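Q: File entry.txt below, compact mmCIF, C-alpha atoms:
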# COMPACT_ATOMS: atom_id res chain seq x y z
CA MET A 1 0.00 0.00 0.00
CA ALA A 2 1.44 3.39 -1.04
CA LYS A 3 2.21 6.00 1.60
CA ILE A 4 1.10 9.59 0.96
CA TYR A 5 3.01 12.37 2.69
CA SER A 6 1.46 15.07 0.52
CA LEU A 7 -0.56 15.31 -2.67
CA ALA A 8 -0.96 18.17 -5.15
CA ILE A 9 -3.29 18.72 -8.07
CA ALA A 10 -2.60 21.20 -10.86
CA ALA A 11 -5.36 21.25 -13.45
CA ARG A 12 -7.04 23.22 -16.18
CA ALA A 13 -10.83 22.93 -16.27
CA VAL A 14 -13.18 24.15 -18.98
CA LEU A 15 -16.38 25.53 -17.41
CA ASN A 16 -19.13 26.94 -19.58
CA LEU A 17 -21.97 29.29 -18.59
CA HIS A 18 -21.35 29.26 -14.86
CA SER A 19 -21.93 31.88 -12.18
CA LEU A 20 -20.60 30.01 -9.15
CA ASN A 21 -19.09 32.98 -7.31
CA ASN A 22 -20.08 36.65 -7.65
CA GLU A 23 -19.07 39.90 -5.99
CA GLY A 24 -22.67 40.82 -5.18
CA GLY A 25 -25.30 43.05 -6.67
CA GLU A 26 -25.62 46.72 -7.47
CA GLY A 27 -29.14 47.77 -8.34
CA ASN A 28 -30.45 45.15 -10.74
CA GLN A 29 -26.96 44.09 -11.89
CA ILE A 30 -25.23 41.03 -10.42
CA GLN A 31 -21.48 41.54 -10.65
CA ALA A 32 -19.12 38.71 -11.57
CA ARG A 33 -16.06 38.19 -9.39
CA MET A 34 -12.95 39.47 -11.18
CA VAL A 35 -9.29 39.38 -10.15
CA ASN A 36 -5.95 40.55 -11.55
CA VAL A 37 -3.34 37.90 -12.39
CA PHE A 38 0.14 38.19 -13.87
CA ALA A 39 0.80 36.06 -16.94
CA ASP A 40 2.65 36.45 -20.24
CA GLY A 41 4.59 39.38 -18.85
CA ARG A 42 1.62 41.55 -17.93
CA LEU A 43 -1.45 41.83 -15.71
CA HIS A 44 -4.81 40.49 -16.85
CA ASN A 45 -8.27 41.03 -15.37
CA VAL A 46 -10.09 37.69 -15.41
CA ASN A 47 -13.13 35.98 -13.92
CA ALA A 48 -12.41 33.84 -10.85
CA ILE A 49 -13.94 31.57 -8.22
CA SER A 50 -12.51 32.11 -4.75
CA GLY A 51 -10.59 29.41 -2.92
CA ASP A 52 -13.08 29.92 -0.08
CA MET A 53 -15.89 28.81 -2.39
CA PHE A 54 -14.07 25.64 -3.47
CA LYS A 55 -13.07 24.89 0.13
CA HIS A 56 -16.75 25.17 1.10
CA ILE A 57 -17.71 22.82 -1.75
CA GLN A 58 -15.12 20.29 -0.58
CA SER A 59 -16.26 20.65 3.05
CA GLU A 60 -19.86 19.87 2.05
CA HIS A 61 -18.74 16.63 0.40
CA LEU A 62 -16.47 15.87 3.37
CA HIS A 63 -19.35 16.33 5.82
CA ARG A 64 -21.66 13.93 3.96
CA LEU A 65 -18.94 11.31 3.48
CA ALA A 66 -17.88 11.51 7.13
CA LEU A 67 -21.47 10.93 8.22
CA GLN A 68 -21.79 7.93 5.91
CA ALA A 69 -18.45 6.49 7.07
CA GLU A 70 -19.51 6.99 10.70
CA LEU A 71 -16.36 8.93 11.54
CA PRO A 72 -16.28 10.65 14.95
CA LEU A 73 -17.90 14.07 14.61
CA SER A 74 -18.57 16.91 16.99
CA THR A 75 -22.18 18.00 17.31
CA GLY A 76 -21.33 21.20 15.46
CA ALA A 77 -19.72 19.34 12.55
CA ARG A 78 -22.61 16.86 12.42
CA LEU A 79 -25.00 19.82 12.02
CA PHE A 80 -22.64 21.34 9.40
CA ASN A 81 -22.23 24.35 11.67
CA ALA A 82 -19.32 26.53 10.54
CA ASN A 83 -18.09 26.77 14.15
CA ARG A 84 -17.70 22.98 14.34
CA ILE A 85 -15.96 22.11 17.62
CA ASN A 86 -16.62 25.61 19.02
CA TYR A 87 -20.33 24.71 19.04
CA ASP A 88 -19.58 21.77 21.35
CA VAL A 89 -17.43 23.84 23.72
CA ASP A 90 -20.32 26.31 24.07
CA THR A 91 -23.10 23.73 24.46
CA ASP A 92 -21.59 20.54 25.93
CA THR A 93 -20.58 21.08 29.57
CA ALA A 94 -19.01 17.61 29.86
CA PHE A 95 -16.73 18.20 26.87
CA LYS A 96 -15.81 21.67 28.16
CA ALA A 97 -14.84 20.08 31.48
CA GLN A 98 -12.60 17.59 29.63
CA LEU A 99 -10.84 20.44 27.84
CA ASP A 100 -10.38 22.34 31.10
CA ALA A 101 -8.91 19.22 32.70
CA ALA A 102 -6.38 18.84 29.87
CA LYS A 103 -4.82 22.16 31.01
CA THR A 104 -2.46 22.50 28.01
CA ASN A 105 -3.12 23.42 24.38
CA ALA A 106 -1.50 20.14 23.30
CA GLY A 107 -3.82 18.13 25.53
CA GLU A 108 -6.87 20.07 24.36
CA LEU A 109 -5.93 19.52 20.71
CA ASP A 110 -5.65 15.75 21.30
CA LEU A 111 -9.23 15.74 22.60
CA ILE A 112 -10.48 17.87 19.69
CA LEU A 113 -8.83 15.70 17.01
CA ARG A 114 -10.26 12.52 18.53
CA ARG A 115 -13.74 13.99 18.88
CA CYS A 116 -14.12 15.47 15.38
CA ALA A 117 -12.71 14.19 12.07
CA VAL A 118 -14.06 17.18 10.13
CA THR A 119 -12.37 19.65 12.49
CA ASP A 120 -9.18 17.60 12.11
CA MET A 121 -9.19 17.78 8.30
CA ALA A 122 -11.02 21.04 7.53
CA GLY A 123 -9.42 23.07 10.33
CA VAL A 124 -10.86 25.67 12.69
CA LEU A 125 -9.84 28.36 15.16
CA VAL A 126 -11.15 27.35 18.59
CA THR A 127 -12.23 30.62 20.19
CA ALA A 128 -15.00 29.36 22.49
CA ASP A 129 -14.59 30.00 26.23
CA LYS A 130 -11.84 32.61 25.57
CA ARG A 131 -9.54 30.12 23.83
CA SER A 132 -7.30 30.82 20.87
CA LEU A 133 -6.35 27.37 19.61
CA PRO A 134 -5.78 27.01 15.84
CA ARG A 135 -6.16 23.84 13.82
CA LYS A 136 -4.84 24.36 10.28
CA SER A 137 -6.71 22.59 7.49
CA VAL A 138 -4.95 19.66 5.83
CA VAL A 139 -6.36 20.63 2.41
CA GLU A 140 -5.73 23.97 0.69
CA PHE A 141 -7.36 25.48 -2.41
CA GLY A 142 -6.05 28.39 -4.42
CA TRP A 143 -8.25 30.80 -6.36
CA VAL A 144 -9.74 29.13 -9.43
CA VAL A 145 -8.79 31.73 -12.03
CA GLY A 146 -9.52 32.15 -15.70
CA ILE A 147 -6.64 31.60 -18.13
CA PRO A 148 -5.95 35.01 -19.76
CA GLY A 149 -7.24 35.05 -23.33
CA SER A 150 -9.36 31.95 -22.71
CA ILE A 151 -12.18 33.40 -20.63
CA LYS A 152 -15.28 35.48 -21.34
CA THR A 153 -17.98 36.87 -19.05
CA ASP A 154 -21.30 38.11 -20.47
CA SER A 155 -24.34 39.60 -18.77
CA TYR A 156 -27.78 38.24 -19.60
CA PHE A 157 -31.15 39.95 -19.18
CA HIS A 158 -33.79 38.21 -17.05
CA ILE A 159 -37.28 39.19 -15.97
CA LYS A 160 -40.05 37.47 -14.04
CA PHE A 161 -43.70 38.31 -14.67
CA GLU A 162 -46.70 37.43 -12.56
CA SER A 163 -48.96 34.81 -14.12
CA GLU A 164 -51.71 37.32 -14.93
CA ARG A 165 -50.82 40.03 -17.43
CA GLY A 166 -50.98 43.67 -16.41
CA GLY A 167 -51.14 44.33 -12.69
CA GLY A 168 -48.88 47.39 -12.55
CA SER A 169 -45.41 47.67 -11.06
CA ALA A 170 -43.74 45.58 -8.37
CA ARG A 171 -44.78 46.10 -4.77
CA VAL A 172 -44.20 44.47 -1.38
CA ASN A 173 -47.26 42.95 0.28
CA GLU A 174 -47.93 42.58 4.02
CA SER A 175 -46.03 39.28 4.26
CA GLY A 176 -42.91 40.84 2.73
CA SER A 177 -43.23 39.05 -0.61
CA ILE A 178 -42.89 40.95 -3.86
CA SER A 179 -46.06 40.92 -5.94
CA GLY A 180 -46.97 42.44 -9.25
CA LYS A 181 -44.62 42.70 -12.26
CA GLN A 182 -41.04 41.92 -11.21
CA THR A 183 -38.03 44.18 -11.71
CA PRO A 184 -35.78 43.08 -14.59
CA PHE A 185 -32.20 42.11 -13.67
CA HIS A 186 -28.92 41.17 -15.33
CA ARG A 187 -27.13 37.94 -14.43
CA PRO A 188 -23.52 37.13 -15.43
CA ALA A 189 -22.37 33.87 -17.01
CA SER A 190 -18.72 33.02 -17.61
CA SER A 191 -17.18 30.49 -19.96
CA GLY A 192 -13.61 29.45 -20.52
CA GLU A 193 -10.59 27.62 -19.18
CA TYR A 194 -9.68 27.91 -15.50
CA ALA A 195 -6.53 27.14 -13.50
CA ILE A 196 -6.95 25.05 -10.33
CA VAL A 197 -4.37 24.23 -7.64
CA VAL A 198 -4.97 21.98 -4.62
CA GLN A 199 -2.61 20.78 -1.87
CA VAL A 200 -3.37 17.92 0.56
CA GLU A 201 -1.14 17.28 3.59
CA ALA A 202 -2.00 13.63 4.15
CA ALA A 203 0.65 13.13 6.84
CA ARG A 204 -1.11 15.70 9.05
CA VAL A 205 -4.40 13.80 9.22
CA GLY A 206 -4.85 13.16 12.95
CA PHE A 207 -1.56 14.89 13.76
CA ASN A 208 -1.25 17.15 16.81
CA ASP A 209 0.97 19.98 15.51
CA ILE A 210 1.62 21.29 19.02
CA ALA A 211 2.71 18.02 20.64
CA GLN A 212 4.20 16.67 17.37
CA ARG A 213 2.40 13.34 17.71
CA TYR A 214 -0.73 11.63 16.45
CA ALA A 215 -3.95 11.87 18.45
CA VAL A 216 -5.52 8.86 16.67
CA ASP A 217 -4.16 5.52 15.45
CA MET A 218 -3.32 4.51 11.88
CA ALA A 219 -6.59 2.66 11.29
CA GLU A 220 -8.58 5.81 12.09
CA ARG A 221 -6.24 7.98 10.02
CA GLN A 222 -6.70 5.60 7.07
CA LYS A 223 -10.49 6.01 7.25
CA ARG A 224 -10.18 9.79 7.43
CA LEU A 225 -7.76 10.01 4.49
CA ARG A 226 -10.09 7.96 2.30
CA VAL A 227 -12.99 10.31 3.04
CA LEU A 228 -10.75 13.35 2.49
CA LEU A 229 -9.52 12.21 -0.93
CA GLU A 230 -13.06 11.26 -1.97
CA SER A 231 -14.29 14.75 -1.05
CA VAL A 232 -11.57 16.31 -3.22
CA LEU A 233 -12.58 14.10 -6.16
CA TYR A 234 -16.25 15.01 -5.84
CA THR A 235 -15.36 18.71 -5.66
CA PHE A 236 -14.18 18.47 -9.27
CA VAL A 237 -17.18 16.37 -10.33
CA GLU A 238 -19.81 18.59 -8.69
CA PRO A 239 -18.57 22.12 -7.97
CA SER A 240 -21.56 23.65 -6.17
CA GLY A 241 -21.97 27.37 -5.67
CA ALA A 242 -24.23 30.27 -6.60
CA MET A 243 -27.03 30.14 -9.19
CA ARG A 244 -26.78 26.43 -9.91
CA THR A 245 -30.57 26.07 -10.12
CA ALA A 246 -30.56 27.87 -13.47
CA GLN A 247 -26.85 27.99 -14.37
CA ASN A 248 -25.46 24.58 -13.51
CA PRO A 249 -21.97 24.80 -15.10
CA HIS A 250 -21.16 22.76 -18.18
CA ILE A 251 -17.95 20.92 -17.20
CA LEU A 252 -16.42 20.26 -20.60
CA ASP A 253 -12.95 19.06 -19.73
CA VAL A 254 -10.39 18.72 -16.93
CA SER A 255 -6.70 18.01 -17.56
CA GLY A 256 -3.48 18.25 -15.62
CA VAL A 257 -1.42 16.21 -13.20
CA ILE A 258 -1.60 14.75 -9.68
CA THR A 259 1.72 14.54 -7.84
CA VAL A 260 2.12 12.29 -4.81
CA SER A 261 5.00 12.47 -2.34
CA SER A 262 5.91 9.39 -0.30
CA HIS A 263 8.78 11.15 1.46
CA VAL A 264 9.01 14.17 3.77
CA ILE A 265 9.19 16.54 0.80
CA PRO A 266 6.30 18.52 -0.71
CA ALA A 267 4.44 17.22 -3.73
CA PRO A 268 5.43 19.70 -6.49
CA CYS A 269 2.81 21.98 -7.99
CA ILE A 270 3.05 24.76 -10.61
CA SER A 271 0.12 27.01 -11.49
CA PRO A 272 -1.71 26.01 -14.67
CA LEU A 273 -1.60 29.71 -15.56
CA LYS A 274 1.75 28.70 -17.03
CA ALA A 275 1.32 27.05 -20.43
CA ASP A 276 3.91 24.29 -19.86
CA PHE A 277 3.04 23.64 -16.21
CA VAL A 278 2.99 19.84 -16.57
CA SER A 279 6.50 19.63 -18.06
CA ASP A 280 7.81 22.00 -15.39
CA ILE A 281 6.29 19.85 -12.63
CA GLU A 282 7.88 16.81 -14.27
CA ARG A 283 11.32 18.45 -14.11
CA ILE A 284 10.85 19.21 -10.41
CA ALA A 285 9.71 15.62 -9.76
CA LYS A 286 12.79 14.23 -11.51
CA SER A 287 15.04 16.50 -9.45
CA PHE A 288 13.37 15.38 -6.22
CA ASN A 289 13.66 11.72 -7.24
CA GLN A 290 17.38 12.17 -7.76
CA LEU A 291 17.64 13.29 -4.14
CA HIS A 292 15.27 10.63 -2.79
CA ALA A 293 14.60 7.62 -5.01
CA ASN A 294 10.95 7.16 -6.01
CA ALA A 295 9.82 9.94 -3.66
CA ILE A 296 7.49 11.60 -6.20
CA THR A 297 4.91 9.88 -8.40
CA MET A 298 3.25 11.77 -11.25
CA LEU A 299 -0.26 10.84 -12.38
CA PRO A 300 -1.22 12.86 -15.47
CA PHE A 301 -4.82 12.98 -16.68
CA ALA A 302 -6.40 14.30 -19.86
CA SER A 303 -10.08 14.19 -18.89
CA LEU A 304 -12.36 14.25 -15.87
CA GLY A 305 -12.90 10.52 -16.32
CA GLU A 306 -9.16 9.85 -16.21
CA PHE A 307 -8.81 12.11 -13.16
CA ALA A 308 -11.53 10.07 -11.41
CA GLU A 309 -9.73 6.83 -12.30
CA GLN A 310 -6.40 8.09 -10.91
CA MET A 311 -8.00 9.39 -7.72
CA SER A 312 -9.98 6.17 -7.21
CA VAL A 313 -6.77 4.13 -7.26
CA LEU A 314 -5.20 6.45 -4.68
CA ILE A 315 -8.30 6.25 -2.49
CA GLU A 316 -8.32 2.45 -2.61
CA LYS A 317 -4.59 1.74 -2.33
CA SER A 318 -3.03 4.53 -0.27
CA GLU A 319 -2.53 5.23 3.40
CA PRO A 320 -1.27 8.34 5.18
CA PHE A 321 2.46 8.72 5.77
CA GLU A 322 3.43 8.55 9.46
CA LEU A 323 5.73 11.30 10.64
CA PRO A 324 8.56 10.06 12.88
CA SER A 325 8.42 10.50 16.62
CA VAL A 326 10.40 13.46 17.93
CA ASN A 327 11.65 11.62 21.02
CA GLY A 328 11.81 7.99 19.99
CA ALA A 329 8.73 7.04 21.99
CA SER A 330 5.29 6.04 20.72
CA ASN A 331 4.04 8.46 18.09
CA VAL A 332 0.39 8.15 19.14
CA ALA A 333 -0.93 9.90 22.24
CA ASP A 334 -2.61 7.82 24.96
CA SER A 335 -6.40 7.99 24.72
If you convert what's in this file into structure tokens, what do you get?
A:
Amino acid sequence: MAKIYSLAIAARAVLNLHSLNNEGGEGNQIQARMVNVFADGRLHNVNAISGDMFKHIQSEHLHRLALQAELPLSTGARLFNANRINYDVDTDTAFKAQLDAAKTNAGELDLILRRCAVTDMAGVLVTADKRSLPRKSVVEFGWVVGIPGSIKTDSYFHIKFESERGGGSARVNESGSISGKQTPFHRPASSGEYAIVVQVEAARVGFNDIAQRYAVDMAERQKRLRVLLESVLYTFVEPSGAMRTAQNPHILDVSGVITVSSHVIPAPCISPLKADFVSDIERIAKSFNQLHANAITMLPFASLGEFAEQMSVLIEKSEPFELPSVNGASNVADS
């Protein structure tokens, strides 16, 4: 079974007629989210989907998979509450007493990682009861940005009429609903090729960064990693977001490369904003493999189907890398 220290995905995805992430509205105009990126020696203003949006998409899939796999979850995570473990500290007096008894941040983090797999993998800042205890996510998403010259955003006119013709202008009734003829509005839709980068720190699943030891055993970490990698796969297959009821994106193609590190070195990743990103990643992988034999594995894919095949093999046949103990003793904390 292959060990995964870290995993990176660099991909280009063709999305047509989507409006997954917008800046907001001004009057009757919904504004597309735009960012500036540097490519080809100059700045370009392109449509983008924030990393926050993709992280939320992945967290939704992670939540459902964790429930199905019966992983340990805090009450907050089970309810898909954004505060996750903070919800439990505020509402569960027994758990709060356990944290207080731990006395140290390292001891508290052990309890948190054992109690909630989603908090472990998705991260959180524990602020409840005047705490300030960070748990960094083990998965990171960059902005999903349009490739300059390969992206276009248009604005489309929409209007909603009441079923009976006439009736005058729009008005708000006593219940707060809008009745009468509706105000016309403009909705953006973007099409083109987008650059996606993802990093997964598999070795940190279940790892207490403060004490530099694991809070859960390998069997539990294996279950969590499987769910984590599945959630990343489904993020590409079903990227949820704004306006999907009428503008479900047409996912035309996804291509790129997965890199997997089985050594304590990062899985290489270059932004797909660069035209030859795959060959550049390959050069880095070869350099790393000269330093540490077979440390980096490259898994290229030319379609969403091939990406799913590569990820499915990793999900079935991989386990998380175990970081060495800092003092020679057991690397797993006592329960």
Q: Give the answer as one residue: which of A:Gly305, A:Gly76, A:Gly192, A:Pro300 has the shortest atom-to-atom distance to Thr259 of chain A, using all atoms listed in the file?
A: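 Closest to Thr259 of chain A of all the choices is A:Pro300.
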Q: Would you kindly return, as a PyMOL selection string, each protein, DNA or RNA residue with an atom no farther than 6 Å from any atom of segment 46-62 of chain A, considering all atoms listed in the file and excluding same-chain residues fewer than 5 positions away?
A: chain A and resi 21+33-35+141-146+231-232+235+240
Q: Restricting the calculation to all atoms listed in the file: of A:Ala203, A:Ala275, A:Leu314, A:Val264, which residue gets closest to Ala10 of chain A?
A: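 Under the stated criterion, the closest residue is A:Ala275.
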Q: Record the distance separating atom CA of Gln199 of chain A and atom CA of Phe301 of chain A, expressed in Å with one decimal.
A: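 Spanning atom CA of Gln199 of chain A to atom CA of Phe301 of chain A is a straight-line distance of 16.9 Å.
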Q: List the neighbours of Val126 of chain A out to 8 Å using only C-alpha atoms; skip same-chain residues closer than 4 positions along the sequence, and give me the result as number ranges by chain.
A: A: 85-86, 131-135
Q: I need the residue nearest Leu273 of chain A from this list: A:Leu125, A:Leu252, A:Ala195, A:Leu15. Use all atoms listed in the file for the distance.
A: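 So, comparing all the options, the nearest one is A:Ala195.
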Q: Just to confirm, what's the straight-line distance from atom CA of Ser325 of chain A to atom CA of Tyr214 of chain A in Å (one decimal)?
A: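 According to the coordinates, atom CA of Ser325 of chain A and atom CA of Tyr214 of chain A are separated by 9.2 Å.
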Q: Can you work out which one of A:Ala94, A:Leu233, A:Ala295, A:Ile258 has the shortest atom-to-atom distance to Ile281 of chain A, counting all atoms listed in the file?
A: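 Nearest to Ile281 of chain A: A:Ile258.
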Q: Could you tell me which of A:Ala215, A:Ala202, A:Ile9, A:Leu67 comes closest to Arg115 of chain A if we count all atoms listed in the file?
A: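 Looking only at the distances to Arg115 of chain A, the closest residue turns out to be A:Ala215.
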Q: Using all atoms listed in the file, find the one residue out of A:Phe207, A:Tyr5, A:Phe277, A:Phe321 that sits nearest to Val257 of chain A.
A: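 For Val257 of chain A, the nearest of the candidates is A:Phe277.
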Q: Taking (3.9, 24.6, -14.5) in the coordinates of the supplied file, I want to know which residues reach to within 12 Å of it, counting all atoms listed in the file; could you give the answer as number ranges by chain?
A: A: 9-12, 195-197, 256-257, 268-285
Q: Dump as a short mmCIF file (atom, residue, chain, number, x, y, z; two decimals) with C-alpha atoms, in the frame of the given file all residues having an atom at most 12 Å from (-8.2, 4.6, 11.8), computed in the file's coordinates with all atoms listed in the file.
A:
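Final output, result-v4.cif:
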data_model
loop_
_atom_site.label_atom_id
_atom_site.label_comp_id
_atom_site.auth_asym_id
_atom_site.auth_seq_id
_atom_site.Cartn_x
_atom_site.Cartn_y
_atom_site.Cartn_z
CA ALA A 69 -18.45 6.49 7.07
CA GLU A 70 -19.51 6.99 10.70
CA LEU A 71 -16.36 8.93 11.54
CA PRO A 72 -16.28 10.65 14.95
CA ARG A 114 -10.26 12.52 18.53
CA ALA A 117 -12.71 14.19 12.07
CA VAL A 205 -4.40 13.80 9.22
CA GLY A 206 -4.85 13.16 12.95
CA TYR A 214 -0.73 11.63 16.45
CA ALA A 215 -3.95 11.87 18.45
CA VAL A 216 -5.52 8.86 16.67
CA ASP A 217 -4.16 5.52 15.45
CA MET A 218 -3.32 4.51 11.88
CA ALA A 219 -6.59 2.66 11.29
CA GLU A 220 -8.58 5.81 12.09
CA ARG A 221 -6.24 7.98 10.02
CA GLN A 222 -6.70 5.60 7.07
CA LYS A 223 -10.49 6.01 7.25
CA ARG A 224 -10.18 9.79 7.43
CA LEU A 225 -7.76 10.01 4.49
CA ARG A 226 -10.09 7.96 2.30
CA VAL A 227 -12.99 10.31 3.04
CA GLU A 319 -2.53 5.23 3.40
CA PRO A 320 -1.27 8.34 5.18
CA VAL A 332 0.39 8.15 19.14
#
Q: Using Å and a single decimal, report how far atom CA of Phe80 of chain A sits from atom CA of Lys130 of chain A.
A: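 Interatomic distance here is 22.5 Å.
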